[in-house]
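> Next comes the structure file run11.txt, holding compact mmCIF, C-alpha atoms.
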# COMPACT_ATOMS: atom_id res chain seq x y z
CA MET A 270 122.10 114.51 68.31
CA LYS A 271 125.27 116.49 68.77
CA ALA A 272 125.18 120.07 69.92
CA GLU A 273 127.70 122.50 68.54
CA LYS A 274 130.21 123.83 70.99
CA GLY A 275 128.68 126.66 72.98
CA LYS A 276 125.14 126.02 71.71
CA MET A 277 122.36 124.05 73.39
CA SER A 278 120.37 121.25 71.78
CA LYS A 279 117.06 122.26 70.19
CA ASN A 280 115.21 120.25 72.85
CA PHE A 281 116.51 122.38 75.71
CA LYS A 282 114.99 125.76 76.35
CA ARG A 283 116.05 128.56 78.57
CA SER A 284 113.72 130.63 80.67
CA ALA A 285 114.38 134.01 82.23
CA ARG A 286 115.84 132.26 85.30
CA GLY A 287 118.06 129.76 83.45
CA LEU A 288 117.02 126.32 82.25
CA ALA A 289 113.33 125.61 81.74
CA PRO A 290 111.54 123.16 84.05
CA PHE A 291 112.03 119.49 83.22
CA GLY A 292 108.35 118.94 82.40
CA GLN A 293 108.38 121.58 79.66
CA VAL A 294 111.43 120.01 78.04
CA MET A 295 110.18 116.41 78.06
CA GLY A 296 107.57 116.89 75.35
CA GLY A 297 110.17 118.07 72.85
CA ALA A 298 112.82 115.61 73.94
CA LEU A 299 110.54 112.57 73.59
CA LYS A 300 108.69 113.76 70.48
CA ASP A 301 111.12 112.11 68.04
CA SER A 302 111.20 108.88 70.05
CA PHE A 303 107.42 108.50 70.10
CA ALA A 304 107.12 109.57 66.47
CA SER A 305 109.44 106.70 65.51
CA ARG A 306 107.17 104.32 67.42
CA GLY A 307 104.18 105.25 65.33
CA GLY A 308 102.69 108.56 66.37
CA GLN A 309 102.48 111.33 68.85
CA ASP A 310 100.50 109.32 71.41
CA ALA A 311 102.77 108.89 74.42
CA GLY A 312 99.90 108.11 76.81
CA LEU A 313 99.55 104.51 75.68
CA PHE A 314 103.26 103.78 76.15
CA VAL A 315 103.59 105.60 79.47
CA SER A 316 100.38 104.27 81.06
CA TRP A 317 100.54 100.69 79.75
CA THR A 318 100.57 98.99 83.17
CA ARG A 319 97.62 101.07 84.35
CA ILE A 320 95.70 100.36 81.12
CA VAL A 321 96.01 96.57 80.92
CA GLY A 322 96.87 95.70 84.52
CA PRO A 323 100.11 94.46 86.08
CA GLU A 324 99.69 90.78 85.14
CA ILE A 325 99.41 91.38 81.39
CA ALA A 326 101.94 94.24 81.49
CA LYS A 327 104.57 91.80 82.84
CA MET A 328 104.23 89.76 79.65
CA CYS A 329 103.95 92.39 76.91
CA VAL A 330 104.67 96.03 76.15
CA PRO A 331 103.52 98.28 73.30
CA GLU A 332 106.19 98.56 70.64
CA LYS A 333 104.62 100.62 67.87
CA LEU A 334 101.36 102.07 66.55
CA THR A 335 100.87 101.84 62.81
CA CYS A 336 98.09 103.77 61.12
CA ASP A 337 96.55 103.03 57.73
CA SER A 338 96.77 106.19 55.66
CA SER A 339 93.26 105.71 54.24
CA GLN A 340 91.46 105.52 57.59
CA ALA A 341 92.54 107.11 60.84
CA GLN A 342 90.77 104.45 62.90
CA ASN A 343 92.35 101.47 61.11
CA THR A 344 95.30 101.39 63.50
CA THR A 345 97.39 98.39 64.51
CA LEU A 346 99.08 98.15 67.89
CA ILE A 347 102.22 96.04 67.75
CA LEU A 348 103.03 94.36 71.08
CA ARG A 349 106.39 92.95 72.13
CA VAL A 350 105.59 89.73 74.00
CA ALA A 351 107.94 87.87 76.32
CA PRO A 352 109.08 84.53 74.93
CA GLY A 353 106.74 81.81 76.11
CA ALA A 354 103.86 84.17 76.88
CA ALA A 355 102.55 84.59 73.33
CA LEU A 356 99.75 82.02 73.68
CA TYR A 357 98.55 83.59 76.90
CA VAL A 358 98.59 87.11 75.45
CA GLU A 359 96.96 85.84 72.24
CA SER A 360 94.06 84.45 74.29
CA TYR A 361 93.59 87.87 75.93
CA LYS A 362 93.66 89.97 72.74
CA ALA A 363 89.97 90.91 73.02
CA GLN A 364 90.38 92.03 76.64
CA ILE A 365 93.53 94.02 75.83
CA LEU A 366 91.71 95.78 72.99
CA ALA A 367 88.77 96.52 75.31
CA HIS A 368 91.11 98.07 77.89
CA VAL A 369 92.85 100.18 75.24
CA HIS A 370 89.51 101.34 73.81
CA ARG A 371 88.39 102.31 77.30
CA PHE A 372 91.63 104.29 77.72
CA TYR A 373 91.02 106.26 74.51
CA GLY A 374 87.26 106.51 74.94
CA TYR A 375 86.60 105.11 71.46
CA PRO A 376 87.80 102.13 69.36
CA LYS A 377 90.98 103.74 68.03
CA ILE A 378 92.90 100.49 67.55
CA ALA A 379 91.47 97.91 65.17
CA HIS A 380 94.11 95.17 65.35
CA LEU A 381 96.76 93.78 67.67
CA ARG A 382 99.89 92.19 66.26
CA LEU A 383 102.27 90.26 68.48
CA PHE A 384 105.92 89.42 68.13
CA GLN A 385 108.11 87.56 70.58
CA ALA A 386 111.23 89.25 71.88
CA PRO A 387 112.79 89.82 75.29
CA LEU A 388 111.08 92.60 77.19
CA PRO A 389 113.13 95.62 78.22
CA LYS A 390 114.36 95.57 81.80
CA HIS A 391 112.70 98.14 84.01
CA LYS A 392 113.88 99.23 87.40
CA GLN A 393 111.31 98.24 89.98
CA VAL A 394 110.15 101.21 92.00
CA THR A 395 108.79 100.27 95.38
CA PRO A 396 106.37 102.77 96.86
CA ARG A 397 107.27 104.23 100.23
CA GLU A 398 105.19 103.00 103.08
CA VAL A 399 103.25 105.80 104.75
CA ARG A 400 101.13 105.06 107.76
CA GLN A 401 97.79 106.73 107.35
CA GLY A 402 96.95 109.62 109.63
CA GLU A 403 100.58 110.68 110.00
CA VAL A 404 102.58 113.28 108.13
CA PRO A 405 105.47 111.55 106.29
CA GLU A 406 108.94 112.53 107.53
CA GLY A 407 110.02 114.07 104.22
CA GLU A 408 106.93 116.26 104.09
CA GLU A 409 107.31 117.28 107.73
CA ALA A 410 110.85 118.48 106.98
CA HIS A 411 109.55 120.62 104.12
CA ILE A 412 106.75 122.00 106.29
CA GLN A 413 109.26 123.05 108.95
CA ASN A 414 111.14 125.09 106.34
CA VAL A 415 108.08 127.30 105.84
CA GLY A 416 108.52 130.55 107.77
CA ASP A 417 104.87 131.29 108.64
CA GLU A 418 103.49 129.35 111.66
CA GLY A 419 99.89 129.56 110.41
CA LEU A 420 100.85 128.17 107.03
CA GLN A 421 102.79 125.36 108.70
CA GLU A 422 99.70 124.30 110.66
CA ALA A 423 97.53 124.51 107.54
CA LEU A 424 99.99 122.30 105.63
CA ARG A 425 100.08 119.77 108.50
CA ALA A 426 96.26 119.67 108.57
CA LEU A 427 96.21 119.12 104.81
CA ALA A 428 98.79 116.31 105.08
CA ARG A 429 96.80 114.64 107.89
CA THR A 430 93.70 114.80 105.69
CA LEU A 431 95.54 113.33 102.70
CA TYR A 432 96.92 110.50 104.81
CA ALA A 433 93.81 110.09 106.99
CA PRO A 434 93.15 106.62 108.41
CA GLU A 435 90.63 104.59 106.46
CA PRO A 436 87.16 104.35 108.03
CA LYS A 437 86.48 101.01 109.72
Translate the structure of the given file into structure tokens.

Amino acid sequence: MKAEKGKMSKNFKRSARGLAPFGQVMGGALKDSFASRGGQDAGLFVSWTRIVGPEIAKMCVPEKLTCDSSQAQNTTLILRVAPGAALYVESYKAQILAHVHRFYGYPKIAHLRLFQAPLPKHKQVTPREVRQGEVPEGEEAHIQNVGDEGLQEALRALARTLYAPEPK
């Protein structure tokens, strides 16, 4: 989508202070992308690993949702499966459907269809290690920037509670 010179794209909004927060813009920016994949439901695509678990998510990703025009609940989820993993994923179709139904809270998807293709490469994000009971360095730096001493202590107490050691 090209923006005319001097004009902003329709997906970008301005607030009274300049550009709008990133979170407000994302819905509009991704709307067309998710619509082309079969609907407005971004939750399934974004939360796939959490829905089916990391082992299955390594082998397949949701590609598209197709809905039968006669019945809203006659939906097919098309999965892109890594080459060589199709038999494994095929054997777990019932479990994948159960996980997806649990995610929606009702049996929204009636069928799974698989096709083999290379999976998209995703950058692995490794979580930062935080020792429990301590305030992480990055958060401590932000707390020190707060001008009020009482508020600083309250924020440190909150951080110690959030990162409290596990009971033995």
> Quote the spacing between CA of Leu348 in chain A and CA of Val369 in chain A in Å to one decimal place.
12.4 Å
> Need the shell around Lys377 in chain A: protein/DNA/RNA residues with any atom at most 10 Å away, counting all atoms listed in the file. Skip same-chain ones fewer than 6 positions apart. Format as an MDAnalysis selection string?
chainID A and resid 336 341:346 366 369:371
> Could you tell me how far CA of His380 in chain A sits from CA of Lys327 in chain A, in Å to one decimal place?
20.7 Å
> Nearest to Phe384 in chain A among A:Gly416, A:Gly312, A:Gly353, A:Pro323, with distances taken over all atoms listed in the file: which residue is it?
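Ranked by minimum distance to Phe384 in chain A, first place goes to A:Gly353.
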> Identify which of the residues A:Gln385, A:Thr335, A:Gln421, A:Gln364 lies closest to Pro352 in chain A, counting all atoms listed in the file when measuring atom-to-atom distances.
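Ranking A:Gln385, A:Thr335, A:Gln421, A:Gln364 by distance to Pro352 in chain A, first place goes to A:Gln385.
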> State, in Å with one decimal place, the distance from CA of Glu409 in chain A to CA of Ala423 in chain A.
12.2 Å
> When you look at Glu332 in chain A with a cut-off of 10 Å (counting only C-alpha atoms), what residues show up, excluding the ones that are within fewer than 6 positions of it in the same chain? I need them as a short mmCIF file (atom, residue, chain, number, x, y, z; two decimals) with C-alpha atoms, in the frame of the given file.

data_model
loop_
_atom_site.label_atom_id
_atom_site.label_comp_id
_atom_site.auth_asym_id
_atom_site.auth_seq_id
_atom_site.Cartn_x
_atom_site.Cartn_y
_atom_site.Cartn_z
CA ARG A 306 107.17 104.32 67.42
CA GLY A 307 104.18 105.25 65.33
CA PHE A 314 103.26 103.78 76.15
CA LEU A 346 99.08 98.15 67.89
CA ILE A 347 102.22 96.04 67.75
CA LEU A 348 103.03 94.36 71.08
CA ARG A 349 106.39 92.95 72.13
CA VAL A 350 105.59 89.73 74.00
CA ARG A 382 99.89 92.19 66.26
CA LEU A 383 102.27 90.26 68.48
CA PHE A 384 105.92 89.42 68.13
#
> Determine the nearest neighbour of Ala311 in chain A from the options A:Ala326, A:Leu431, A:Val358, A:Leu334, counting only C-alpha atoms.
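Ranking A:Ala326, A:Leu431, A:Val358, A:Leu334 by distance to Ala311 in chain A, first place goes to A:Leu334.
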